[in-house]
>>> print(open('model14.txt').read())   # compact mmCIF, C-alpha atoms
# COMPACT_ATOMS: atom_id res chain seq x y z
CA MET A 222 4.45 -23.44 -59.03
CA ILE A 223 1.75 -26.13 -58.68
CA ASP A 224 -1.37 -25.46 -60.77
CA SER A 225 -4.68 -25.65 -58.92
CA GLN A 226 -6.05 -28.77 -60.65
CA THR A 227 -2.86 -30.74 -59.98
CA LEU A 228 -3.03 -29.76 -56.31
CA ILE A 229 -6.71 -30.76 -56.10
CA ASP A 230 -5.92 -34.16 -57.63
CA ALA A 231 -3.02 -34.59 -55.18
CA GLU A 232 -5.30 -33.78 -52.24
CA LYS A 233 -7.81 -36.34 -53.47
CA LEU A 234 -5.10 -38.99 -53.61
CA VAL A 235 -3.99 -38.18 -50.05
CA LEU A 236 -7.58 -38.37 -48.81
CA SER A 237 -8.08 -41.70 -50.59
CA GLN A 238 -5.03 -43.02 -48.76
CA ALA A 239 -6.48 -41.78 -45.45
CA MET A 240 -9.65 -43.81 -46.13
CA ASP A 241 -7.67 -47.02 -46.45
CA GLY A 242 -8.16 -47.95 -42.78
CA SER A 243 -7.52 -46.58 -39.31
CA GLN A 244 -3.75 -47.16 -39.44
CA ALA A 245 -3.37 -45.34 -42.78
CA PHE A 246 -5.27 -42.36 -41.37
CA ALA A 247 -3.20 -42.39 -38.17
CA ASP A 248 0.04 -42.50 -40.18
CA LEU A 249 -0.96 -39.43 -42.18
CA ARG A 250 -2.02 -37.57 -39.04
CA ASP A 251 1.34 -38.41 -37.42
CA LYS A 252 3.04 -36.87 -40.45
CA GLY A 253 1.33 -33.57 -39.68
CA ILE A 254 -1.64 -33.75 -42.03
CA SER A 255 -4.58 -31.77 -40.64
CA ARG A 256 -7.66 -29.90 -41.83
CA GLN A 257 -5.50 -26.85 -42.59
CA THR A 258 -3.34 -28.91 -44.96
CA PHE A 259 -6.05 -28.95 -47.62
CA SER A 260 -6.88 -26.00 -49.86
CA LEU A 261 -10.51 -26.87 -50.78
CA PRO A 262 -13.24 -26.45 -48.15
CA ALA A 263 -14.77 -29.72 -49.40
CA HIS A 264 -11.53 -31.57 -48.71
CA GLN A 265 -11.30 -29.93 -45.28
CA GLN A 266 -14.80 -31.22 -44.48
CA ILE A 267 -13.85 -34.73 -45.57
CA TRP A 268 -10.78 -34.70 -43.33
CA THR A 269 -12.85 -33.46 -40.39
CA ALA A 270 -15.29 -36.31 -41.01
CA LEU A 271 -12.35 -38.73 -41.02
CA GLU A 272 -11.17 -37.35 -37.67
CA THR A 273 -14.66 -37.74 -36.21
CA VAL A 274 -14.97 -41.34 -37.40
CA ALA A 275 -11.50 -42.24 -36.11
CA GLY A 276 -12.20 -40.51 -32.80
CA THR A 277 -15.34 -42.58 -32.20
CA GLY A 278 -13.59 -45.85 -33.02
CA GLY A 279 -15.46 -46.40 -36.27
CA THR A 280 -14.12 -48.02 -39.42
CA VAL A 281 -12.15 -45.44 -41.40
CA ASP A 282 -13.25 -45.91 -45.00
CA ALA A 283 -15.21 -44.13 -47.73
CA LEU A 284 -18.59 -45.53 -46.70
CA THR A 285 -18.35 -44.33 -43.08
CA VAL A 286 -17.14 -40.91 -44.26
CA ILE A 287 -20.12 -40.64 -46.64
CA ALA A 288 -22.47 -41.62 -43.81
CA ARG A 289 -20.91 -39.02 -41.51
CA LEU A 290 -21.16 -36.24 -44.11
CA GLU A 291 -24.75 -37.20 -44.93
CA ALA A 292 -25.72 -37.23 -41.25
CA GLN A 293 -24.33 -33.72 -40.87
CA GLY A 294 -25.98 -32.46 -44.05
CA GLN A 295 -22.63 -31.78 -45.72
CA LEU A 296 -22.57 -34.41 -48.43
CA ASP A 297 -23.93 -32.14 -51.16
CA ALA A 298 -21.48 -29.41 -50.16
CA VAL A 299 -18.54 -31.72 -50.88
CA GLY A 300 -19.33 -31.58 -54.62
CA GLU A 301 -17.71 -33.46 -57.51
CA GLY A 302 -19.38 -36.67 -56.40
CA THR A 303 -18.80 -38.55 -53.20
CA PRO A 304 -15.42 -39.70 -51.81
CA GLU A 305 -16.33 -43.22 -52.99
CA SER A 306 -16.53 -42.01 -56.60
CA TRP A 307 -12.89 -40.95 -56.74
CA ARG A 308 -11.28 -43.16 -54.10
CA ARG A 309 -8.57 -45.40 -55.56
CA PRO A 310 -6.73 -47.47 -52.94
CA PRO A 311 -2.98 -47.26 -53.70
CA THR A 312 -2.06 -50.95 -53.80
CA GLU A 313 0.40 -51.20 -56.70
CA PRO A 314 4.01 -49.93 -56.41
CA LEU A 315 3.42 -47.18 -58.97
CA ALA A 316 0.32 -46.00 -57.12
CA ARG A 317 2.19 -45.98 -53.80
CA TYR A 318 4.89 -43.86 -55.42
CA LYS A 319 2.22 -41.46 -56.71
CA THR A 320 0.70 -41.25 -53.22
CA ALA A 321 4.08 -40.33 -51.71
CA ALA A 322 4.61 -37.66 -54.37
CA ALA A 323 1.09 -36.34 -53.82
CA LEU A 324 1.67 -36.15 -50.06
CA GLU A 325 4.87 -34.15 -50.59
CA MET A 326 3.08 -31.84 -53.02
CA VAL A 327 0.16 -31.22 -50.64
CA THR A 328 2.35 -30.56 -47.59
CA GLU A 329 4.63 -28.24 -49.56
CA ALA A 330 1.65 -26.22 -50.80
CA ALA A 331 0.25 -26.04 -47.25
CA LYS A 332 3.56 -24.71 -45.92
CA LYS A 333 3.68 -21.99 -48.56
CA HIS A 334 0.07 -21.05 -47.85
CA ALA A 335 0.89 -20.77 -44.13
CA LEU A 336 3.94 -18.65 -44.97
CA LEU A 337 1.86 -16.28 -47.10
CA ALA A 338 -0.71 -15.95 -44.31
CA PHE A 339 2.11 -15.27 -41.83
CA ALA A 340 3.57 -12.59 -44.11
CA SER A 341 0.15 -10.94 -44.36
CA ARG A 342 -0.21 -10.88 -40.55
CA MET A 343 3.25 -9.38 -40.16
CA ALA A 344 2.45 -6.67 -42.69
CA GLU A 345 -0.60 -5.77 -40.60
CA ALA A 346 1.46 -5.80 -37.40
CA ALA A 347 4.08 -3.50 -38.95
CA GLY A 348 1.34 -1.01 -39.88
CA ASP A 349 -0.36 -1.14 -36.47
CA GLN A 350 0.23 2.26 -34.85
CA LEU A 351 -0.57 0.88 -31.38
CA LYS A 352 2.37 -1.53 -31.53
CA SER A 353 6.00 -0.57 -31.11
CA ALA A 354 8.60 -1.85 -33.57
CA GLU A 355 10.01 -4.11 -30.84
CA GLU A 356 6.58 -5.66 -30.20
CA ALA A 357 6.10 -6.26 -33.93
CA LEU A 358 9.56 -7.85 -34.21
CA ASP A 359 8.91 -10.09 -31.22
CA GLU A 360 5.57 -11.14 -32.72
CA ALA A 361 7.37 -11.92 -35.98
CA GLU A 362 10.01 -14.01 -34.17
CA ARG A 363 7.38 -15.95 -32.21
CA GLY A 364 5.27 -16.44 -35.32
CA MET A 365 8.22 -17.69 -37.34
CA SER A 366 9.20 -20.06 -34.54
CA ALA A 367 5.65 -21.42 -34.39
CA LEU A 368 5.61 -21.75 -38.18
CA ARG A 369 8.86 -23.72 -38.11
CA ASP A 370 7.41 -26.02 -35.46
CA ARG A 371 4.25 -26.50 -37.49
CA CYS A 372 6.12 -27.21 -40.70
CA GLY A 373 8.45 -29.52 -38.79
CA VAL A 374 5.44 -31.58 -37.64
CA ARG A 375 5.92 -31.05 -33.93
CA GLN A 376 3.58 -33.43 -32.12
CA THR A 377 2.00 -33.27 -28.69
CA GLU A 378 3.45 -35.96 -26.44
CA THR A 379 1.00 -38.49 -25.06
CA ILE A 380 0.91 -39.56 -21.40
CA ARG A 381 2.27 -42.93 -22.45
CA GLY A 382 5.21 -41.23 -24.14
CA ALA A 383 5.86 -39.07 -21.08
CA VAL A 384 5.80 -42.11 -18.77
CA GLY A 385 8.22 -43.83 -21.11
CA THR A 386 10.57 -40.87 -20.84
CA ILE A 387 10.40 -40.99 -17.04
CA ILE A 388 11.24 -44.71 -17.05
CA GLU A 389 14.17 -44.09 -19.39
CA ASN A 390 15.44 -41.34 -17.07
CA LEU A 391 15.12 -43.66 -14.07
CA GLN A 392 17.06 -46.39 -15.85
CA TRP A 393 19.72 -43.87 -16.85
CA ARG A 394 20.13 -42.72 -13.24
CA MET A 395 20.37 -46.30 -12.00
CA ASN A 396 23.05 -47.05 -14.58
CA ASN A 397 24.91 -43.76 -13.92
CA PRO A 398 24.92 -43.19 -10.14
CA GLY A 399 26.16 -39.73 -9.18
CA ALA A 400 25.89 -38.36 -12.73
CA ILE A 401 23.88 -35.24 -13.55
CA LYS A 402 21.23 -34.80 -16.24
CA GLY A 403 21.72 -31.09 -16.96
CA ILE A 404 24.65 -29.09 -18.28
CA SER A 405 27.60 -29.01 -15.89
CA SER A 406 28.31 -25.60 -14.37
CA GLY A 407 31.91 -26.57 -13.75
CA TYR A 408 31.24 -26.68 -9.99
CA ARG A 409 30.78 -30.27 -8.76
CA ARG A 410 28.84 -29.59 -5.55
CA LEU A 411 26.58 -27.09 -7.27
CA ASP A 412 25.90 -29.60 -10.05
CA LEU A 413 24.96 -32.33 -7.58
CA THR A 414 22.60 -29.97 -5.75
CA LEU A 415 20.91 -28.63 -8.89
CA ASP A 416 21.30 -31.81 -10.99
CA GLY A 417 23.15 -29.61 -13.45
CA LEU A 418 21.65 -26.69 -15.35
CA GLN A 419 18.32 -28.09 -16.53
CA PRO A 420 16.82 -27.52 -20.02
CA GLY A 421 13.92 -25.05 -19.87
CA ALA A 422 14.92 -23.78 -16.40
CA MET A 423 15.18 -20.14 -15.37
CA ILE A 424 18.00 -19.96 -12.82
CA VAL A 425 18.38 -16.71 -10.86
CA LEU A 426 21.71 -15.69 -9.33
CA ALA A 427 21.02 -12.88 -6.89
CA ALA A 428 23.22 -10.64 -4.74
CA ARG A 429 23.73 -7.09 -3.52
CA PRO A 430 25.88 -4.78 -5.71
CA GLY A 431 29.61 -5.41 -5.40
CA VAL A 432 29.31 -9.00 -4.20
CA GLY A 433 30.41 -10.50 -7.53
CA LYS A 434 27.31 -11.82 -9.25
CA THR A 435 28.60 -10.92 -12.73
CA ALA A 436 31.80 -12.81 -11.93
CA ALA A 437 29.73 -15.84 -10.87
CA LEU A 438 27.79 -15.81 -14.15
CA VAL A 439 30.92 -15.33 -16.25
CA ASN A 440 32.70 -18.13 -14.36
CA ILE A 441 29.83 -20.56 -15.07
CA LEU A 442 29.48 -19.63 -18.75
CA THR A 443 33.26 -19.82 -19.23
CA ASN A 444 33.38 -23.27 -17.62
CA ILE A 445 30.64 -24.46 -19.97
CA CYS A 446 32.03 -23.07 -23.22
CA LEU A 447 35.57 -24.31 -22.50
CA GLU A 448 34.07 -27.81 -22.55
CA GLY A 449 32.86 -27.16 -26.10
CA THR A 450 29.21 -26.33 -25.35
CA PRO A 451 28.04 -23.10 -27.08
CA VAL A 452 26.79 -20.40 -24.69
CA GLY A 453 25.41 -16.89 -25.10
CA MET A 454 25.44 -13.87 -22.82
CA PHE A 455 23.54 -10.59 -22.80
CA SER A 456 25.67 -8.08 -20.93
CA LEU A 457 23.68 -4.90 -20.32
CA GLU A 458 26.10 -3.57 -17.71
CA MET A 459 29.64 -4.29 -18.94
CA PRO A 460 31.10 -4.01 -22.45
CA LYS A 461 32.39 -7.13 -24.15
CA SER A 462 36.02 -5.99 -23.92
CA GLN A 463 35.90 -5.74 -20.11
CA LEU A 464 34.25 -9.15 -19.81
CA LEU A 465 36.88 -10.78 -22.02
CA GLU A 466 39.63 -9.03 -20.05
CA ARG A 467 38.24 -10.52 -16.83
CA ILE A 468 38.00 -13.96 -18.38
CA LEU A 469 41.53 -13.92 -19.79
CA TYR A 470 43.23 -12.60 -16.63
CA GLY A 471 41.30 -15.09 -14.51
CA MET A 472 42.26 -18.02 -16.75
CA ALA A 473 45.90 -16.91 -16.81
CA GLY A 474 46.02 -16.28 -13.04
CA ILE A 475 47.11 -12.65 -13.53
CA ASN A 476 46.17 -9.85 -11.14
CA SER A 477 44.46 -7.25 -13.33
CA ASP A 478 45.39 -4.46 -10.89
CA ASP A 479 49.07 -5.17 -11.50
CA ILE A 480 48.54 -4.76 -15.24
CA ARG A 481 46.66 -1.49 -14.77
CA ARG A 482 49.48 -0.14 -12.62
CA GLY A 483 51.95 -0.93 -15.38
CA LYS A 484 53.65 -3.89 -13.75
CA PRO A 485 55.21 -6.02 -16.50
CA MET A 486 54.24 -9.65 -16.98
CA THR A 487 56.70 -12.38 -16.18
CA VAL A 488 57.63 -14.89 -18.86
CA GLY A 489 55.40 -17.46 -17.18
CA GLN A 490 52.46 -15.04 -17.09
CA GLN A 491 52.91 -14.24 -20.76
CA GLN A 492 52.80 -17.94 -21.59
CA HIS A 493 49.68 -18.45 -19.48
CA PHE A 494 48.02 -15.41 -21.04
CA THR A 495 48.81 -16.62 -24.57
CA ALA A 496 47.37 -20.04 -23.74
CA ALA A 497 44.23 -18.39 -22.32
CA VAL A 498 43.80 -16.30 -25.48
CA ARG A 499 44.11 -19.42 -27.61
CA LYS A 500 41.50 -21.29 -25.55
CA ILE A 501 38.90 -18.54 -25.32
CA THR A 502 39.26 -17.66 -29.01
CA ALA A 503 38.36 -21.23 -29.91
CA ALA A 504 35.54 -21.45 -27.37
CA PRO A 505 31.90 -21.09 -28.55
CA LEU A 506 31.15 -17.99 -26.44
CA HIS A 507 28.75 -15.41 -27.92
CA ILE A 508 28.38 -12.05 -26.14
CA ASP A 509 25.81 -9.34 -26.94
CA ASP A 510 26.79 -6.20 -25.02
CA GLU A 511 24.13 -3.73 -26.16
CA SER A 512 23.20 -1.78 -23.05
CA SER A 513 19.55 -0.85 -23.66
CA LEU A 514 17.89 -4.11 -24.58
CA THR A 515 14.20 -4.80 -24.11
CA ILE A 516 12.81 -8.18 -23.16
CA ASP A 517 11.46 -8.51 -26.72
CA SER A 518 14.96 -7.88 -28.11
CA ILE A 519 16.53 -10.45 -25.79
CA ARG A 520 13.98 -13.08 -26.76
CA ALA A 521 14.44 -12.39 -30.48
CA ARG A 522 18.24 -12.41 -30.28
CA GLY A 523 18.21 -15.46 -28.03
CA ARG A 524 16.25 -17.39 -30.63
CA ARG A 525 18.81 -16.38 -33.27
CA MET A 526 21.69 -17.47 -31.03
CA VAL A 527 20.15 -20.89 -30.70
CA ARG A 528 19.20 -21.16 -34.37
CA GLU A 529 22.46 -19.86 -35.85
CA HIS A 530 25.07 -20.92 -33.27
CA GLY A 531 23.47 -23.87 -31.48
CA VAL A 532 23.67 -22.13 -28.10
CA LYS A 533 22.75 -24.45 -25.20
CA CYS A 534 22.73 -21.96 -22.32
CA ILE A 535 22.09 -18.20 -22.08
CA GLY A 536 23.06 -15.72 -19.37
CA VAL A 537 21.50 -12.28 -18.76
CA ASP A 538 23.32 -9.57 -16.77
CA TYR A 539 21.11 -8.34 -15.27
CA LEU A 540 17.30 -8.49 -14.98
CA GLN A 541 16.65 -5.02 -13.52
CA LEU A 542 18.45 -3.37 -16.47
CA VAL A 543 16.17 -4.99 -19.06
CA ARG A 544 13.26 -2.84 -20.26
CA SER A 545 9.70 -3.67 -21.26
CA THR A 546 7.93 -1.88 -24.10
CA THR A 547 4.29 -2.74 -23.40
CA GLN A 548 1.75 -0.06 -22.57
CA GLN A 549 0.64 -1.96 -19.44
CA ALA A 550 4.11 -1.80 -17.87
CA ARG A 551 4.50 1.96 -18.17
CA GLY A 552 4.30 3.71 -14.83
CA SER A 553 4.62 0.53 -12.79
CA ARG A 554 8.10 -0.77 -12.03
CA GLU A 555 6.71 -3.89 -10.40
CA ARG A 556 4.58 -4.67 -13.48
CA GLU A 557 7.56 -4.06 -15.76
CA VAL A 558 9.84 -6.41 -13.80
CA SER A 559 7.05 -9.01 -13.73
CA GLU A 560 6.77 -8.91 -17.53
CA ILE A 561 10.54 -9.17 -17.94
CA SER A 562 10.75 -12.12 -15.53
CA ALA A 563 7.88 -13.91 -17.26
CA GLY A 564 9.49 -13.23 -20.64
CA LEU A 565 12.80 -14.78 -19.58
CA LYS A 566 11.06 -17.84 -18.16
CA SER A 567 9.09 -18.16 -21.40
CA LEU A 568 12.34 -17.95 -23.39
CA ALA A 569 13.92 -20.77 -21.38
CA LYS A 570 10.88 -22.98 -21.90
CA GLU A 571 10.49 -22.14 -25.59
CA LEU A 572 14.15 -22.81 -26.44
CA ASN A 573 14.41 -25.70 -23.94
CA ILE A 574 17.73 -24.46 -22.58
CA PRO A 575 18.77 -23.13 -19.16
CA VAL A 576 18.65 -19.34 -18.85
CA LEU A 577 20.81 -17.86 -16.08
CA VAL A 578 19.53 -14.49 -14.90
CA LEU A 579 21.33 -12.10 -12.56
CA ALA A 580 19.14 -10.08 -10.20
CA GLN A 581 19.74 -7.57 -7.43
CA LEU A 582 18.65 -8.02 -3.84
CA ASN A 583 17.08 -5.14 -1.93
CA ARG A 584 18.53 -3.33 1.09
CA ASP A 585 16.68 -5.49 3.61
CA VAL A 586 19.73 -7.76 3.50
CA GLU A 587 21.82 -5.03 5.14
CA LYS A 588 19.25 -4.09 7.77
CA ARG A 589 19.33 -7.42 9.59
CA ALA A 590 21.19 -7.62 12.88
CA GLY A 591 23.21 -10.31 14.63
CA ASN A 592 24.08 -13.55 12.89
CA ALA A 593 21.47 -12.84 10.19
CA GLN A 594 23.18 -9.64 9.05
CA GLY A 595 23.91 -9.74 5.34
CA LYS A 596 22.42 -13.21 4.86
CA PRO A 597 19.95 -13.06 1.96
CA VAL A 598 16.61 -14.80 1.71
CA VAL A 599 14.45 -15.33 -1.36
CA SER A 600 12.03 -12.55 -0.39
CA ASP A 601 14.90 -10.04 -0.72
CA LEU A 602 14.65 -10.13 -4.51
CA ARG A 603 14.23 -6.54 -5.64
CA ASP A 604 11.23 -4.90 -7.37
CA SER A 605 8.89 -7.86 -7.79
CA GLY A 606 7.78 -11.10 -6.15
CA SER A 607 7.21 -12.54 -9.62
CA ILE A 608 10.95 -13.28 -9.95
CA GLU A 609 10.64 -15.71 -7.05
CA GLN A 610 7.55 -17.21 -8.65
CA ASP A 611 8.96 -17.57 -12.18
CA ALA A 612 12.39 -18.89 -11.22
CA ASP A 613 12.94 -22.64 -11.11
CA GLN A 614 16.07 -22.22 -9.00
CA ILE A 615 17.40 -19.28 -7.01
CA ILE A 616 21.03 -18.98 -5.91
CA MET A 617 21.92 -16.13 -3.56
CA ILE A 618 25.57 -15.13 -3.13
CA HIS A 619 26.71 -14.08 0.34
CA ARG A 620 30.17 -12.82 1.37
CA PRO A 621 30.22 -12.44 5.21
CA TYR A 622 33.39 -10.30 5.15
CA MET A 623 31.44 -7.40 3.63
CA TYR A 624 29.34 -7.15 6.80
CA LYS A 625 31.70 -8.45 9.52
CA PRO A 626 35.27 -7.86 8.34
CA ASP A 627 36.66 -8.47 11.81
CA LYS A 628 35.25 -12.02 11.97
CA HIS A 629 35.51 -13.35 8.43
CA ASP A 630 38.14 -13.90 5.78
CA PRO A 631 37.71 -11.77 2.60
CA THR A 632 37.85 -14.92 0.47
CA GLU A 633 34.92 -16.58 2.25
CA ALA A 634 31.73 -16.88 0.19
CA GLN A 635 28.52 -18.88 0.30
CA TRP A 636 26.15 -19.75 -2.52
CA ILE A 637 22.75 -20.26 -0.91
CA ILE A 638 20.23 -22.37 -2.84
CA GLY A 639 16.99 -20.70 -1.73
CA LYS A 640 14.68 -22.36 -4.25
CA ASN A 641 15.07 -25.56 -6.21
CA ARG A 642 12.20 -27.17 -8.09
CA PHE A 643 14.42 -30.11 -9.02
CA GLY A 644 15.97 -31.03 -5.68
CA ARG A 645 17.12 -29.92 -2.27
CA LEU A 646 18.05 -26.57 -0.81
CA GLY A 647 21.44 -25.95 0.74
CA ARG A 648 24.49 -23.77 1.26
CA ILE A 649 27.75 -24.33 -0.64
CA GLN A 650 31.07 -22.86 0.49
CA PHE A 651 33.11 -21.03 -2.14
CA ARG A 652 36.45 -19.22 -2.19
CA TRP A 653 36.40 -15.73 -3.73
CA THR A 654 39.61 -14.47 -5.34
CA ALA A 655 38.97 -10.77 -5.93
CA GLU A 656 42.11 -10.07 -7.98
CA LEU A 657 41.07 -12.77 -10.46
CA THR A 658 37.29 -12.15 -10.13
CA LYS A 659 36.96 -15.88 -9.66
CA TYR A 660 34.85 -18.24 -7.54
CA GLU A 661 36.08 -21.73 -6.66
CA GLU A 662 34.35 -24.37 -4.60
CA GLU A 663 35.85 -25.14 -1.20
CA GLN A 664 36.55 -28.86 -1.39
CA ASN A 665 36.80 -29.38 2.39
CA TYR A 666 33.28 -28.24 3.19
CA PRO A 667 30.17 -30.36 2.55
CA VAL A 668 26.90 -28.93 1.27
CA THR A 669 24.92 -27.92 4.36
CA ASN A 670 21.19 -27.50 4.86
CA LYS A 671 19.79 -24.03 4.37
>>> encode(input="model14.txt", output="structure tokens")
Amino acid sequence: MIDSQTLIDAEKLVLSQAMDGSQAFADLRDKGISRQTFSLPAHQQIWTALETVAGTGGTVDALTVIARLEAQGQLDAVGEGTPESWRRPPTEPLARYKTAAALEMVTEAAKKHALLAFASRMAEAAGDQLKSAEEALDEAERGMSALRDRCGVRQTETIRGAVGTIIENLQWRMNNPGAIKGISSGYRRLDLTLDGLQPGAMIVLAARPGVGKTAALVNILTNICLEGTPVGMFSLEMPKSQLLERILYGMAGINSDDIRRGKPMTVGQQQHFTAAVRKITAAPLHIDDESSLTIDSIRARGRRMVREHGVKCIGVDYLQLVRSTTQQARGSREREVSEISAGLKSLAKELNIPVLVLAQLNRDVEKRAGNAQGKPVVSDLRDSGSIEQDADQIIMIHRPYMYKPDKHDPTEAQWIIGKNRFGRLGRIQFRWTAELTKYEEEQNYPVTNK
């Protein structure tokens, strides 16, 4: 443990380095040094004076800092003499080494101080009778994430940096025509319409019960993980064993109804099933099938999935089964769904990964007559308009056969892009194979306008 006098001397050395010109100060600030880094109030005041001088374009040195402190009536409060009295510019190699060691010492002490303060806040949160355990855990997860960002010196991007990123993206697109920026869903036409599954995006897949929205989510996540990209799934409706059964039979091309009726597998089917088991066992697929999860639990577990397994995409099946634990949401289903939707969008943005969310459509879909019967629109999202607002992209699944069996093939399906912040809207033709619970793009049909 660092004794107090050693830490004070180290802080002085860091401050002396900061007063060695504007660039030296900027370098330290870019390394995450701030007012909160220093333990003594006097040193905090000196750093604030340095920030003020640098912000006004003045010369960053001991004399300007003294003048600033004197003008604000804080010079006497600094104590132990003025900054000029203990400033020693680190010019020799040994001194530069000492400055580097002092900087490491000061930042390490600041991190531990922040950790102790965080632990104290969490102890208070755990003893707060007005907070549920889930709320306290979520606060702890968010606080720890913020602490990691702070200790990792996460910097705010300047406009110049953002413009540079845009130019780089433009150059990349010019050099890679037809390529997508996001994660591939495994469906080429869908990828081109969405530009892949974008980092930080909340993507809603919506349908009426029985249409096959869980199958659509599982198909996408399976396609991704079989390419070696880690994915996670929260399955509140189906147990993990049933999901894996669907995946394996679909990959092997085996009708699950035949298996349930006791029909034996052929030699070829056994080989395909064995190959599917080998592939999915090696795939980075992580499934959490607890059935009564709250939005706080999903956010906490999602963070762990990313931190511990490197997950790049998360799926949630499905939104209306997630619960909220806040006092404000009690007694109002619309408020509860709004909080859940906002929480999932916040998770996508915080983790900077795409979050695929299943949602149910209301019965208005079935009440329409004529050619519009069964065709969903974005306003059909059930329980809350906030889902439409929070989502970056909305995909609605429509199977015409369910409403007009005499005019449509049972395999016909359409994925309707009803909202897309990153590109165009449209309708993509799919083939639905019920016995394999599998969607495949129809290659002979172009993407049509909505």
>>> atom_distance(input="model14.txt", atom1="atom CA of A:Ser562", atom2="atom CA of A:Asp349")
26.1 Å
>>> closest_residue(input="model14.txt", among="A:Val527, A:Ala247, A:Ala288, A:Leu514", to="A:Ile267", atoms="all atoms listed in the file")
A:Ala288
>>> atom_distance(input="model14.txt", atom1="atom CA of A:Leu447", atom2="atom CA of A:Met472")
10.8 Å
>>> closest_residue(input="model14.txt", among="A:Ser513, A:Thr502, A:Thr495, A:Thr654", to="A:Asn476", atoms="all atoms listed in the file")
A:Thr654
>>> residues_around(input="model14.txt", residues="A:Ala428", least_positions_apart="4", cutoff="8 Å", atoms="only C-alpha atoms", output="ChimeraX atom specification")
/A:432-434,580-582,597,617-619
>>> closest_residue(input="model14.txt", among="A:Leu358, A:Leu391, A:Ile615, A:Leu577", to="A:Gly453", atoms="only C-alpha atoms")
A:Leu577
>>> atom_distance(input="model14.txt", atom1="atom CA of A:Glu325", atom2="atom CA of A:Leu261")
17.0 Å
>>> closest_residue(input="model14.txt", among="A:Val488, A:Ile638, A:Leu465, A:Ile574", to="A:Cys534", atoms="all atoms listed in the file")
A:Ile574
>>> closest_residue(input="model14.txt", among="A:Ala245, A:Ile616, A:Val274, A:Ala400", to="A:Leu602", atoms="only C-alpha atoms")
A:Ile616
>>> residues_around(input="model14.txt", residues="A:Leu540", least_positions_apart="6", cutoff="10 Å", atoms="all atoms listed in the file", output="ChimeraX atom specification")
/A:425,427,457,516,558,561-562,565,578-581,608
>>> write_last_selection(input="model14.txt", atoms="C-alpha atoms", output="PDB file, in the coordinates of the input")
ATOM      1  CA  VAL A 425      18.380 -16.710 -10.860  1.00  0.00           C
ATOM      2  CA  ALA A 427      21.020 -12.880  -6.890  1.00  0.00           C
ATOM      3  CA  LEU A 457      23.680  -4.900 -20.320  1.00  0.00           C
ATOM      4  CA  ILE A 516      12.810  -8.180 -23.160  1.00  0.00           C
ATOM      5  CA  VAL A 558       9.840  -6.410 -13.800  1.00  0.00           C
ATOM      6  CA  ILE A 561      10.540  -9.170 -17.940  1.00  0.00           C
ATOM      7  CA  SER A 562      10.750 -12.120 -15.530  1.00  0.00           C
ATOM      8  CA  LEU A 565      12.800 -14.780 -19.580  1.00  0.00           C
ATOM      9  CA  VAL A 578      19.530 -14.490 -14.900  1.00  0.00           C
ATOM     10  CA  LEU A 579      21.330 -12.100 -12.560  1.00  0.00           C
ATOM     11  CA  ALA A 580      19.140 -10.080 -10.200  1.00  0.00           C
ATOM     12  CA  GLN A 581      19.740  -7.570  -7.430  1.00  0.00           C
ATOM     13  CA  ILE A 608      10.950 -13.280  -9.950  1.00  0.00           C
TER      14      ILE A 608
END
>>> closest_residue(input="model14.txt", among="A:Leu418, A:Leu271, A:Ala292, A:Leu234", to="A:Gly536", atoms="all atoms listed in the file")
A:Leu418
>>> residues_around(input="model14.txt", residues="A:Thr258", least_positions_apart="6", cutoff="12 Å", atoms="only C-alpha atoms", output="list in words")
Leu228, Ile229, Ala231, Glu232, Val235, Leu236, Leu249, Arg250, Lys252, His264, Gln265, Gln266, Trp268, Thr269, Leu324, Glu325, Met326, Val327, Thr328, Glu329, Ala330, Ala331, Lys332, Lys333, His334, Ala335, Arg371, Cys372 and Val374 of chain A
